[in-house]
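Novice: Input structure: input-v1.pdb, which contains PDB, C-alpha atoms, pLDDT in the B column.
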```pdb
MODEL        1
ATOM      1  CA  MET A  77      72.248  40.190 -30.798  1.00 91.00           C
ATOM      2  CA  ARG A  78      75.543  38.636 -29.772  1.00 89.00           C
ATOM      3  CA  ASP A  79      78.248  39.016 -32.439  1.00 89.00           C
ATOM      4  CA  ALA A  80      80.227  42.268 -32.065  1.00 85.00           C
ATOM      5  CA  GLN A  81      80.491  43.101 -35.780  1.00 89.00           C
ATOM      6  CA  ASN A  82      76.868  42.173 -36.441  1.00 92.00           C
ATOM      7  CA  ILE A  83      75.896  44.451 -33.557  1.00 90.00           C
ATOM      8  CA  ARG A  84      77.839  47.333 -35.067  1.00 88.00           C
ATOM      9  CA  ASP A  85      76.348  46.761 -38.536  1.00 92.00           C
ATOM     10  CA  VAL A  86      72.760  46.581 -37.304  1.00 93.00           C
ATOM     11  CA  ALA A  87      73.270  49.599 -35.052  1.00 91.00           C
ATOM     12  CA  GLU A  88      73.986  51.674 -38.142  1.00 91.00           C
ATOM     13  CA  LEU A  89      70.457  51.045 -39.410  1.00 93.00           C
ATOM     14  CA  ASN A  90      67.664  53.408 -38.465  1.00 87.00           C
ATOM     15  CA  ILE A  91      66.526  51.375 -35.448  1.00 94.00           C
ATOM     16  CA  ASP A  92      65.436  52.389 -31.962  1.00 94.00           C
ATOM     17  CA  MET A  93      66.280  49.336 -29.844  1.00 95.00           C
ATOM     18  CA  MET A  94      68.548  46.297 -29.868  1.00 95.00           C
ATOM     19  CA  GLY A  95      67.915  43.144 -27.830  1.00 95.00           C
ATOM     20  CA  PHE A  96      70.227  40.937 -25.767  1.00 94.00           C
ATOM     21  CA  ASN A  97      68.829  37.620 -24.552  1.00 95.00           C
ATOM     22  CA  PHE A  98      69.713  36.624 -20.992  1.00 95.00           C
ATOM     23  CA  TRP A  99      67.466  33.565 -20.737  1.00 95.00           C
ATOM     24  CA  PRO A 100      69.895  30.627 -20.280  1.00 93.00           C
ATOM     25  CA  LYS A 101      67.696  28.219 -22.266  1.00 93.00           C
ATOM     26  CA  SER A 102      67.673  30.421 -25.359  1.00 94.00           C
ATOM     27  CA  LYS A 103      69.828  29.584 -28.374  1.00 94.00           C
ATOM     28  CA  ARG A 104      70.571  33.323 -28.462  1.00 94.00           C
ATOM     29  CA  TYR A 105      71.762  33.434 -24.853  1.00 94.00           C
ATOM     30  CA  VAL A 106      74.473  36.000 -24.109  1.00 91.00           C
ATOM     31  CA  ASN A 107      77.100  34.585 -21.747  1.00 86.00           C
ATOM     32  CA  MET A 108      78.966  36.565 -19.138  1.00 75.00           C
ATOM     33  CA  ILE A 109      82.748  36.281 -18.799  1.00 70.00           C
ATOM     34  CA  SER A 110      83.969  34.941 -15.476  1.00 62.00           C
ATOM     35  CA  SER A 111      85.791  37.424 -13.285  1.00 54.00           C
ATOM     36  CA  GLN A 112      87.481  34.440 -11.542  1.00 57.00           C
ATOM     37  CA  ALA A 113      87.245  36.423  -8.349  1.00 54.00           C
ATOM     38  CA  GLY A 114      84.791  34.501  -6.242  1.00 52.00           C
ATOM     39  CA  ILE A 115      81.974  36.778  -5.107  1.00 49.00           C
ATOM     40  CA  VAL A 116      82.841  39.547  -7.576  1.00 49.00           C
ATOM     41  CA  PRO A 117      80.164  39.692 -10.329  1.00 54.00           C
ATOM     42  CA  ASP A 118      81.032  38.427 -13.793  1.00 65.00           C
ATOM     43  CA  TYR A 119      81.399  40.833 -16.696  1.00 63.00           C
ATOM     44  CA  SER A 120      80.311  41.448 -20.240  1.00 70.00           C
ATOM     45  CA  GLN A 121      83.071  41.570 -22.846  1.00 67.00           C
ATOM     46  CA  GLU A 122      82.810  45.320 -23.245  1.00 66.00           C
ATOM     47  CA  ARG A 123      82.751  45.997 -19.503  1.00 64.00           C
ATOM     48  CA  LEU A 124      85.806  43.790 -19.008  1.00 61.00           C
ATOM     49  CA  CYS A 125      87.673  45.667 -21.760  1.00 66.00           C
ATOM     50  CA  GLU A 126      86.624  48.989 -20.310  1.00 63.00           C
ATOM     51  CA  ILE A 127      87.932  48.040 -16.868  1.00 60.00           C
ATOM     52  CA  ALA A 128      91.160  46.632 -18.294  1.00 61.00           C
ATOM     53  CA  ASN A 129      91.845  49.651 -20.481  1.00 65.00           C
ATOM     54  CA  ASN A 130      90.268  52.259 -18.229  1.00 61.00           C
ATOM     55  CA  SER A 131      89.528  54.038 -21.474  1.00 50.00           C
ATOM     56  CA  GLY A 132      85.982  55.167 -21.007  1.00 48.00           C
ATOM     57  CA  SER A 133      85.506  54.770 -24.771  1.00 47.00           C
ATOM     58  CA  PRO A 134      81.964  54.481 -26.207  1.00 47.00           C
ATOM     59  CA  ARG A 135      80.696  50.937 -25.764  1.00 49.00           C
ATOM     60  CA  TYR A 136      80.664  48.987 -29.022  1.00 50.00           C
ATOM     61  CA  ALA A 137      80.884  52.385 -30.759  1.00 58.00           C
ATOM     62  CA  PHE A 138      77.260  52.378 -31.855  1.00 61.00           C
ATOM     63  CA  PRO A 139      74.864  55.319 -31.781  1.00 69.00           C
ATOM     64  CA  LYS A 140      73.617  56.331 -28.354  1.00 74.00           C
ATOM     65  CA  ARG A 141      70.123  56.651 -29.791  1.00 84.00           C
ATOM     66  CA  VAL A 142      69.975  52.851 -30.087  1.00 93.00           C
ATOM     67  CA  LYS A 143      68.563  51.674 -26.760  1.00 95.00           C
ATOM     68  CA  ARG A 144      69.729  48.367 -25.287  1.00 94.00           C
ATOM     69  CA  VAL A 145      67.057  45.898 -24.205  1.00 97.00           C
ATOM     70  CA  GLY A 146      67.831  42.951 -21.940  1.00 96.00           C
ATOM     71  CA  VAL A 147      65.394  40.012 -22.218  1.00 97.00           C
ATOM     72  CA  PHE A 148      64.790  38.011 -19.031  1.00 97.00           C
ATOM     73  CA  VAL A 149      62.490  35.100 -18.135  1.00 97.00           C
ATOM     74  CA  ASP A 150      61.586  34.696 -14.441  1.00 97.00           C
ATOM     75  CA  GLU A 151      65.118  35.699 -13.451  1.00 97.00           C
ATOM     76  CA  MET A 152      66.420  36.556  -9.989  1.00 96.00           C
ATOM     77  CA  PRO A 153      66.415  40.332  -9.348  1.00 97.00           C
ATOM     78  CA  GLN A 154      70.119  40.431  -8.447  1.00 94.00           C
ATOM     79  CA  THR A 155      70.981  38.735 -11.750  1.00 93.00           C
ATOM     80  CA  ILE A 156      68.938  41.288 -13.659  1.00 96.00           C
ATOM     81  CA  VAL A 157      70.663  44.164 -11.858  1.00 96.00           C
ATOM     82  CA  THR A 158      74.082  42.677 -12.680  1.00 92.00           C
ATOM     83  CA  ARG A 159      73.187  42.424 -16.376  1.00 92.00           C
ATOM     84  CA  VAL A 160      71.811  45.963 -16.403  1.00 95.00           C
ATOM     85  CA  TYR A 161      75.123  47.262 -15.075  1.00 90.00           C
ATOM     86  CA  ASN A 162      77.435  45.137 -17.208  1.00 88.00           C
ATOM     87  CA  TYR A 163      75.595  45.683 -20.475  1.00 90.00           C
ATOM     88  CA  SER A 164      74.508  49.287 -19.867  1.00 90.00           C
ATOM     89  CA  LEU A 165      70.894  48.318 -20.472  1.00 94.00           C
ATOM     90  CA  ASP A 166      68.242  50.962 -21.090  1.00 96.00           C
ATOM     91  CA  TYR A 167      65.271  48.587 -20.967  1.00 98.00           C
ATOM     92  CA  ILE A 168      64.457  45.427 -19.020  1.00 98.00           C
ATOM     93  CA  GLN A 169      62.095  43.147 -20.956  1.00 98.00           C
ATOM     94  CA  LEU A 170      60.290  40.617 -18.766  1.00 98.00           C
ATOM     95  CA  HIS A 171      59.092  37.606 -20.729  1.00 95.00           C
ATOM     96  CA  GLY A 172      57.932  35.230 -18.002  1.00 95.00           C
ATOM     97  CA  ASP A 173      55.439  35.246 -15.133  1.00 96.00           C
ATOM     98  CA  GLU A 174      56.910  38.305 -13.440  1.00 97.00           C
ATOM     99  CA  THR A 175      54.734  40.474 -11.208  1.00 98.00           C
ATOM    100  CA  PRO A 176      54.288  44.253 -10.955  1.00 98.00           C
ATOM    101  CA  THR A 177      56.007  44.016  -7.579  1.00 98.00           C
ATOM    102  CA  LEU A 178      59.204  42.834  -9.276  1.00 98.00           C
ATOM    103  CA  ILE A 179      59.192  45.957 -11.445  1.00 98.00           C
ATOM    104  CA  ASP A 180      58.706  48.102  -8.339  1.00 98.00           C
ATOM    105  CA  ASN A 181      61.624  46.385  -6.599  1.00 98.00           C
ATOM    106  CA  LEU A 182      63.943  46.627  -9.605  1.00 98.00           C
ATOM    107  CA  ARG A 183      63.068  50.253 -10.173  1.00 98.00           C
ATOM    108  CA  SER A 184      63.758  51.159  -6.538  1.00 97.00           C
ATOM    109  CA  THR A 185      67.125  49.363  -6.748  1.00 97.00           C
ATOM    110  CA  LEU A 186      68.246  50.922 -10.039  1.00 97.00           C
ATOM    111  CA  VAL A 187      66.804  54.431  -9.678  1.00 97.00           C
ATOM    112  CA  PRO A 188      68.404  56.881  -9.173  1.00 95.00           C
ATOM    113  CA  ASP A 189      71.925  55.632  -8.424  1.00 93.00           C
ATOM    114  CA  ILE A 190      72.561  52.931 -11.065  1.00 92.00           C
ATOM    115  CA  VAL A 191      70.333  53.684 -14.087  1.00 95.00           C
ATOM    116  CA  PRO A 192      68.127  56.700 -13.368  1.00 96.00           C
ATOM    117  CA  GLU A 193      66.108  56.324 -16.568  1.00 96.00           C
ATOM    118  CA  ILE A 194      65.699  52.539 -16.700  1.00 98.00           C
ATOM    119  CA  LYS A 195      62.491  51.439 -18.425  1.00 98.00           C
ATOM    120  CA  PHE A 196      60.495  48.217 -18.396  1.00 98.00           C
ATOM    121  CA  ILE A 197      58.784  46.147 -21.079  1.00 98.00           C
ATOM    122  CA  LYS A 198      56.362  43.387 -20.057  1.00 98.00           C
ATOM    123  CA  ALA A 199      55.542  40.708 -22.623  1.00 97.00           C
ATOM    124  CA  PHE A 200      52.169  38.993 -22.970  1.00 96.00           C
ATOM    125  CA  GLY A 201      51.085  36.077 -25.117  1.00 95.00           C
ATOM    126  CA  ILE A 202      47.894  36.827 -27.028  1.00 96.00           C
ATOM    127  CA  SER A 203      45.474  34.347 -28.562  1.00 95.00           C
ATOM    128  CA  THR A 204      42.084  35.834 -27.645  1.00 97.00           C
ATOM    129  CA  ALA A 205      40.758  39.253 -26.640  1.00 97.00           C
ATOM    130  CA  ALA A 206      40.481  38.000 -23.051  1.00 98.00           C
ATOM    131  CA  ASP A 207      44.284  37.799 -22.804  1.00 97.00           C
ATOM    132  CA  PHE A 208      44.529  41.595 -22.641  1.00 98.00           C
ATOM    133  CA  ALA A 209      42.983  41.532 -19.155  1.00 98.00           C
ATOM    134  CA  ALA A 210      46.366  40.472 -17.717  1.00 97.00           C
ATOM    135  CA  CYS A 211      47.832  43.807 -18.835  1.00 98.00           C
ATOM    136  CA  GLU A 212      45.753  45.795 -16.351  1.00 98.00           C
ATOM    137  CA  ALA A 213      47.993  44.941 -13.382  1.00 98.00           C
ATOM    138  CA  PHE A 214      50.967  46.528 -15.168  1.00 98.00           C
ATOM    139  CA  GLU A 215      49.365  49.907 -15.831  1.00 98.00           C
ATOM    140  CA  GLY A 216      51.661  52.511 -14.304  1.00 97.00           C
ATOM    141  CA  LYS A 217      54.373  49.858 -13.815  1.00 98.00           C
ATOM    142  CA  ALA A 218      55.602  48.894 -17.284  1.00 98.00           C
ATOM    143  CA  ASP A 219      56.668  51.598 -19.742  1.00 98.00           C
ATOM    144  CA  LEU A 220      55.842  49.422 -22.742  1.00 98.00           C
ATOM    145  CA  LEU A 221      53.950  46.194 -23.298  1.00 98.00           C
ATOM    146  CA  LEU A 222      54.890  43.597 -25.894  1.00 98.00           C
ATOM    147  CA  PHE A 223      52.211  41.454 -27.517  1.00 97.00           C
ATOM    148  CA  ASP A 224      53.415  38.105 -28.846  1.00 96.00           C
ATOM    149  CA  TYR A 225      51.914  34.856 -30.115  1.00 93.00           C
ATOM    150  CA  LYS A 226      50.711  32.830 -27.138  1.00 92.00           C
ATOM    151  CA  THR A 227      52.514  29.517 -26.598  1.00 82.00           C
ATOM    152  CA  THR A 228      52.542  26.893 -23.866  1.00 75.00           C
ATOM    153  CA  GLY A 229      56.303  27.219 -23.370  1.00 68.00           C
ATOM    154  CA  ARG A 230      58.919  29.954 -23.422  1.00 68.00           C
ATOM    155  CA  GLY A 231      60.739  31.468 -26.344  1.00 61.00           C
ATOM    156  CA  GLY A 232      59.532  32.815 -29.649  1.00 61.00           C
ATOM    157  CA  SER A 233      57.093  30.849 -31.794  1.00 62.00           C
ATOM    158  CA  GLY A 234      57.871  32.485 -35.136  1.00 71.00           C
ATOM    159  CA  LYS A 235      54.088  32.907 -35.618  1.00 81.00           C
ATOM    160  CA  HIS A 236      51.634  35.806 -35.814  1.00 89.00           C
ATOM    161  CA  PHE A 237      48.589  36.047 -33.619  1.00 93.00           C
ATOM    162  CA  ASP A 238      45.437  37.584 -35.103  1.00 94.00           C
ATOM    163  CA  TRP A 239      46.373  41.270 -35.239  1.00 96.00           C
ATOM    164  CA  SER A 240      42.723  42.293 -35.470  1.00 96.00           C
ATOM    165  CA  LEU A 241      42.559  41.416 -31.767  1.00 97.00           C
ATOM    166  CA  LEU A 242      44.533  44.589 -31.038  1.00 97.00           C
ATOM    167  CA  ASP A 243      41.242  46.483 -31.249  1.00 97.00           C
ATOM    168  CA  ALA A 244      40.334  44.822 -27.941  1.00 97.00           C
ATOM    169  CA  TYR A 245      43.265  46.409 -26.098  1.00 98.00           C
ATOM    170  CA  HIS A 246      41.924  49.396 -24.151  1.00 97.00           C
ATOM    171  CA  GLY A 247      44.811  50.063 -21.786  1.00 98.00           C
ATOM    172  CA  SER A 248      46.866  53.242 -21.560  1.00 98.00           C
ATOM    173  CA  THR A 249      50.370  51.758 -21.921  1.00 98.00           C
ATOM    174  CA  PRO A 250      51.945  51.830 -25.417  1.00 98.00           C
ATOM    175  CA  PHE A 251      52.766  48.452 -26.946  1.00 98.00           C
ATOM    176  CA  LEU A 252      55.167  46.739 -29.310  1.00 98.00           C
ATOM    177  CA  LEU A 253      54.005  44.053 -31.723  1.00 97.00           C
ATOM    178  CA  SER A 254      55.949  40.786 -31.888  1.00 96.00           C
ATOM    179  CA  GLY A 255      55.588  37.232 -33.136  1.00 92.00           C
ATOM    180  CA  GLY A 256      57.105  35.972 -36.363  1.00 91.00           C
ATOM    181  CA  ILE A 257      57.243  39.336 -38.111  1.00 95.00           C
ATOM    182  CA  GLY A 258      59.136  39.055 -41.389  1.00 95.00           C
ATOM    183  CA  PRO A 259      60.254  41.099 -44.398  1.00 94.00           C
ATOM    184  CA  ASP A 260      56.867  40.771 -46.140  1.00 94.00           C
ATOM    185  CA  ASP A 261      54.805  42.136 -43.245  1.00 95.00           C
ATOM    186  CA  ALA A 262      55.572  45.845 -43.595  1.00 94.00           C
ATOM    187  CA  GLU A 263      52.438  46.675 -45.573  1.00 92.00           C
ATOM    188  CA  GLU A 264      50.100  44.829 -43.205  1.00 94.00           C
ATOM    189  CA  ILE A 265      51.778  46.473 -40.219  1.00 95.00           C
ATOM    190  CA  SER A 266      51.217  49.867 -41.834  1.00 91.00           C
ATOM    191  CA  ARG A 267      47.478  49.237 -41.716  1.00 92.00           C
ATOM    192  CA  ILE A 268      47.419  48.872 -37.905  1.00 94.00           C
ATOM    193  CA  SER A 269      45.876  52.093 -36.613  1.00 93.00           C
ATOM    194  CA  HIS A 270      45.740  51.545 -32.843  1.00 97.00           C
ATOM    195  CA  PRO A 271      46.744  54.837 -31.146  1.00 97.00           C
ATOM    196  CA  LEU A 272      49.100  53.092 -28.701  1.00 98.00           C
ATOM    197  CA  PHE A 273      50.960  51.020 -31.306  1.00 97.00           C
ATOM    198  CA  ALA A 274      54.582  52.080 -30.703  1.00 96.00           C
ATOM    199  CA  GLY A 275      56.654  49.751 -32.888  1.00 95.00           C
ATOM    200  CA  VAL A 276      57.578  46.224 -33.932  1.00 96.00           C
ATOM    201  CA  ASP A 277      59.930  43.630 -32.480  1.00 96.00           C
ATOM    202  CA  VAL A 278      61.625  41.435 -35.105  1.00 96.00           C
ATOM    203  CA  ASN A 279      63.940  38.485 -34.703  1.00 94.00           C
ATOM    204  CA  SER A 280      64.058  34.984 -36.214  1.00 93.00           C
ATOM    205  CA  ARG A 281      62.804  35.806 -39.717  1.00 94.00           C
ATOM    206  CA  PHE A 282      65.707  38.225 -40.125  1.00 96.00           C
ATOM    207  CA  GLU A 283      68.400  35.789 -38.984  1.00 96.00           C
ATOM    208  CA  THR A 284      70.962  33.822 -40.950  1.00 96.00           C
ATOM    209  CA  GLU A 285      71.500  31.741 -37.782  1.00 96.00           C
ATOM    210  CA  PRO A 286      70.523  32.253 -34.132  1.00 94.00           C
ATOM    211  CA  ALA A 287      71.677  35.702 -32.936  1.00 94.00           C
ATOM    212  CA  MET A 288      73.061  36.676 -36.377  1.00 96.00           C
ATOM    213  CA  LYS A 289      70.941  39.202 -38.270  1.00 97.00           C
ATOM    214  CA  ASP A 290      70.718  39.591 -42.040  1.00 97.00           C
ATOM    215  CA  VAL A 291      71.614  43.273 -42.269  1.00 97.00           C
ATOM    216  CA  GLU A 292      70.267  43.808 -45.783  1.00 97.00           C
ATOM    217  CA  LYS A 293      66.918  42.190 -44.986  1.00 96.00           C
ATOM    218  CA  LEU A 294      66.662  44.404 -41.933  1.00 97.00           C
ATOM    219  CA  ARG A 295      67.663  47.480 -43.896  1.00 97.00           C
ATOM    220  CA  GLY A 296      64.890  46.981 -46.445  1.00 96.00           C
ATOM    221  CA  PHE A 297      62.277  46.280 -43.791  1.00 96.00           C
ATOM    222  CA  VAL A 298      63.243  49.300 -41.687  1.00 95.00           C
ATOM    223  CA  GLU A 299      63.109  51.545 -44.747  1.00 94.00           C
ATOM    224  CA  ARG A 300      59.611  50.306 -45.649  1.00 93.00           C
ATOM    225  CA  ILE A 301      58.353  50.729 -42.082  1.00 90.00           C
ATOM    226  CA  ARG A 302      59.843  54.223 -41.816  1.00 87.00           C
ATOM    227  CA  HIS A 303      58.338  55.142 -45.183  1.00 84.00           C
ATOM    228  CA  HIS A 304      54.840  54.148 -44.031  1.00 76.00           C
ATOM    229  CA  ASN A 305      55.426  56.029 -40.774  1.00 70.00           C
ATOM    230  CA  THR A 306      56.412  59.180 -42.672  1.00 66.00           C
ATOM    231  CA  MET A 307      53.307  58.838 -44.812  1.00 55.00           C
ATOM    232  CA  GLY A 308      51.205  58.843 -41.645  1.00 53.00           C
ATOM    233  CA  ASN A 309      50.143  55.206 -41.743  1.00 46.00           C
ATOM    234  CA  LEU A 310      51.934  54.053 -38.575  1.00 45.00           C
TER     235      LEU A 310
ENDMDL
END
```
Can you present the structure in this file as structure tokens?

Specialist:
Amino acid sequence: MRDAQNIRDVAELNIDMMGFNFWPKSKRYVNMISSQAGIVPDYSQERLCEIANNSGSPRYAFPKRVKRVGVFVDEMPQTIVTRVYNYSLDYIQLHGDETPTLIDNLRSTLVPDIVPEIKFIKAFGISTAADFAACEAFEGKADLLLFDYKTTGRGGSGKHFDWSLLDAYHGSTPFLLSGGIGPDDAEEISRISHPLFAGVDVNSRFETEPAMKDVEKLRGFVERIRHHNTMGNL
């Protein structure tokens, strides 16, 4: 997400999380605003307005229940900490070759003084059952895992991996399902019965352009997913 009004509109849907992409090579990259003060960290638009107005008003005026997720790819720890502060992030999603040690270091920096309840999502590309072995090192480190289509590069592929492979995941950390999920996938998602399946991550197939979401498409999808959940299928 990047456009202020689009953020507000999507936040009104029955969603749990909203993502902000801080990978500079992404077409959805969220820029900081220069503080023009040398060593002073740059700001997000909302943080800059908050400082200027000293208003303490709710950020972007969207429901507090919507958690903010910052997406990073092999980023420097100090950059991640700056983004966490400026964007009031609730989750840090690591989408590169990050190690469990990085999570330990970030957690010790942020907890308890900056963000006492910060949580971590670690993404993994999946193409075979053997790919789940890499998750073991993050047990007790990551709060959620994210399983995506495995590619040779970075960034989303817009493709599904074989979801039947989820039966081969025997870890104890809950996971999100990602990878080219679109409006027509709600029924198939409802048939996934893994006990640690926590939710779905959607993006490009709900966009009108990079970082702009089709609110009505999202609304219909969320309603179908929530309906299946209520019926006990998810």

Novice: Run the PyMOL selection byres ((chain A and resi 105) around 12) against the file shown and list the residues it catches, as a PyMOL selection string.

Specialist: chain A and resi 77-79+95-104+106-108+146-149+231+286-287

Novice: With C-alpha atoms retained, could you export that selection as a CSV table (one decimal), in the coordinates of the input?

Specialist:
```csv
chain,number,residue,atom,x,y,z
A,77,MET,CA,72.2,40.2,-30.8
A,78,ARG,CA,75.5,38.6,-29.8
A,79,ASP,CA,78.2,39.0,-32.4
A,95,GLY,CA,67.9,43.1,-27.8
A,96,PHE,CA,70.2,40.9,-25.8
A,97,ASN,CA,68.8,37.6,-24.6
A,98,PHE,CA,69.7,36.6,-21.0
A,99,TRP,CA,67.5,33.6,-20.7
A,100,PRO,CA,69.9,30.6,-20.3
A,101,LYS,CA,67.7,28.2,-22.3
A,102,SER,CA,67.7,30.4,-25.4
A,103,LYS,CA,69.8,29.6,-28.4
A,104,ARG,CA,70.6,33.3,-28.5
A,106,VAL,CA,74.5,36.0,-24.1
A,107,ASN,CA,77.1,34.6,-21.7
A,108,MET,CA,79.0,36.6,-19.1
A,146,GLY,CA,67.8,43.0,-21.9
A,147,VAL,CA,65.4,40.0,-22.2
A,148,PHE,CA,64.8,38.0,-19.0
A,149,VAL,CA,62.5,35.1,-18.1
A,231,GLY,CA,60.7,31.5,-26.3
A,286,PRO,CA,70.5,32.3,-34.1
A,287,ALA,CA,71.7,35.7,-32.9
```

Novice: Check which residues satisfy the PyMOL selection byres ((chain A and resi 288-294) around 8) in the file shown, then give them as a PyMOL selection string.

Specialist: chain A and resi 77-79+82+85-86+259+279+282-287+295-298

Novice: For Trp239 of chain A, list every protein, DNA or RNA residue within 10 Å, evaluated using all atoms listed in the file, and leave out those in the same chain fewer than 5 positions away; present the list as a ChimeraX atom specification.

Specialist: /A:202-203,223,225,253,264-265,268

Novice: Fewer than 2 positions away in the same chain doesn't count, so skip those; otherwise give me all residues within 9 Å of Val276 of chain A, counting all atoms listed in the file, as a list in words.

Specialist: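 Listing them by chain and then by number gives Leu222, Phe251, Leu252, Leu253, Ser254, Ile257, Ile265, Phe273, Ala274 and Val278 of chain A.
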
Novice: Taking all atoms listed in the file into account, name the residue in A:Ile109, A:Val142, A:Ile197, A:Val191 that is nearest to Arg84 of chain A.

Specialist: A:Val142

Novice: Taking (62.9, 48.3, -7.7) in the file's own coordinates, collect the residues within 12 Å, counting only C-alpha atoms, and hand them back as a list of chain:residue names.

Specialist: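 Result, sorted by chain then residue number: A:Pro153, A:Gln154, A:Ile156, A:Val157, A:Ile168, A:Thr175, A:Pro176, A:Thr177, A:Leu178, A:Ile179, A:Asp180, A:Asn181, A:Leu182, A:Arg183, A:Ser184, A:Thr185, A:Leu186, A:Val187, A:Pro188, A:Asp189, A:Ile190, A:Val191, A:Pro192, A:Ile194, A:Lys195, A:Phe196, A:Lys217.
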
Novice: To one decimal in Å, tell me the separation between atom CA of Asp224 of chain A and atom CA of Phe200 of chain A.

Specialist: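 If I compute the distance from atom CA of Asp224 of chain A to atom CA of Phe200 of chain A, I get 6.1 Å.
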
Novice: Which residue out of A:Phe237, A:Tyr245, A:Tyr161, A:Tyr167 has the minimum interatomic distance to Leu220 of chain A when only C-alpha atoms are used?

Specialist: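 Closest to Leu220 of chain A, using only C-alpha atoms: A:Tyr167.
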
Novice: What is the atom CA of Asn90 of chain A to atom CA of Ala199 of chain A distance in Å?

Specialist: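 Spanning atom CA of Asn90 of chain A to atom CA of Ala199 of chain A is a straight-line distance of 23.6 Å.
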
Novice: From the options A:Ile91, A:Ala244, A:Leu170, A:Met152, which residue's atoms come nearest to Ala218 of chain A, counting all atoms listed in the file?

Specialist: A:Leu170

Novice: Return the single residue from A:Asp92, A:Gly255, A:Pro250, A:Asp166 that is closest to Leu221 of chain A, with distances computed using only C-alpha atoms.

Specialist: A:Pro250

Novice: What's the separation between atom CA of Pro271 of chain A and atom CA of Leu165 of chain A, in Å to one decimal place?

Specialist: 27.2 Å

Novice: Report, as JSON, the axis-aligned box around all atoms of segment 194-204 of chain A present in the file, extended by 8 Å on each side; give centre and edge lengths in Å to one decimal place.

Specialist:
```
{"center_x": 53.9, "center_y": 43.4, "center_z": -22.6, "size_x": 39.6, "size_y": 34.2, "size_z": 27.9}
```

Novice: Write out as a PyMOL selection string the residues lying within 7 Å of Gly256 of chain A, counting only C-alpha atoms and excluding same-chain residues fewer than 6 positions away.

Specialist: chain A and resi 233-236+281

Novice: Choose the residue, out of A:Arg300, A:Ser280, A:Lys226, A:Glu174, that has the smallest atom-to-atom separation from Asp261 of chain A; count all atoms listed in the file.

Specialist: A:Arg300

Novice: Check the smallest atom-to-atom distance from each of A:Ser120, A:Ala262, A:Met93, A:Thr158 to Arg141 of chain A using all atoms listed in the file, then report the winner.

Specialist: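 Selected residue with least distance to Arg141 of chain A: A:Met93.
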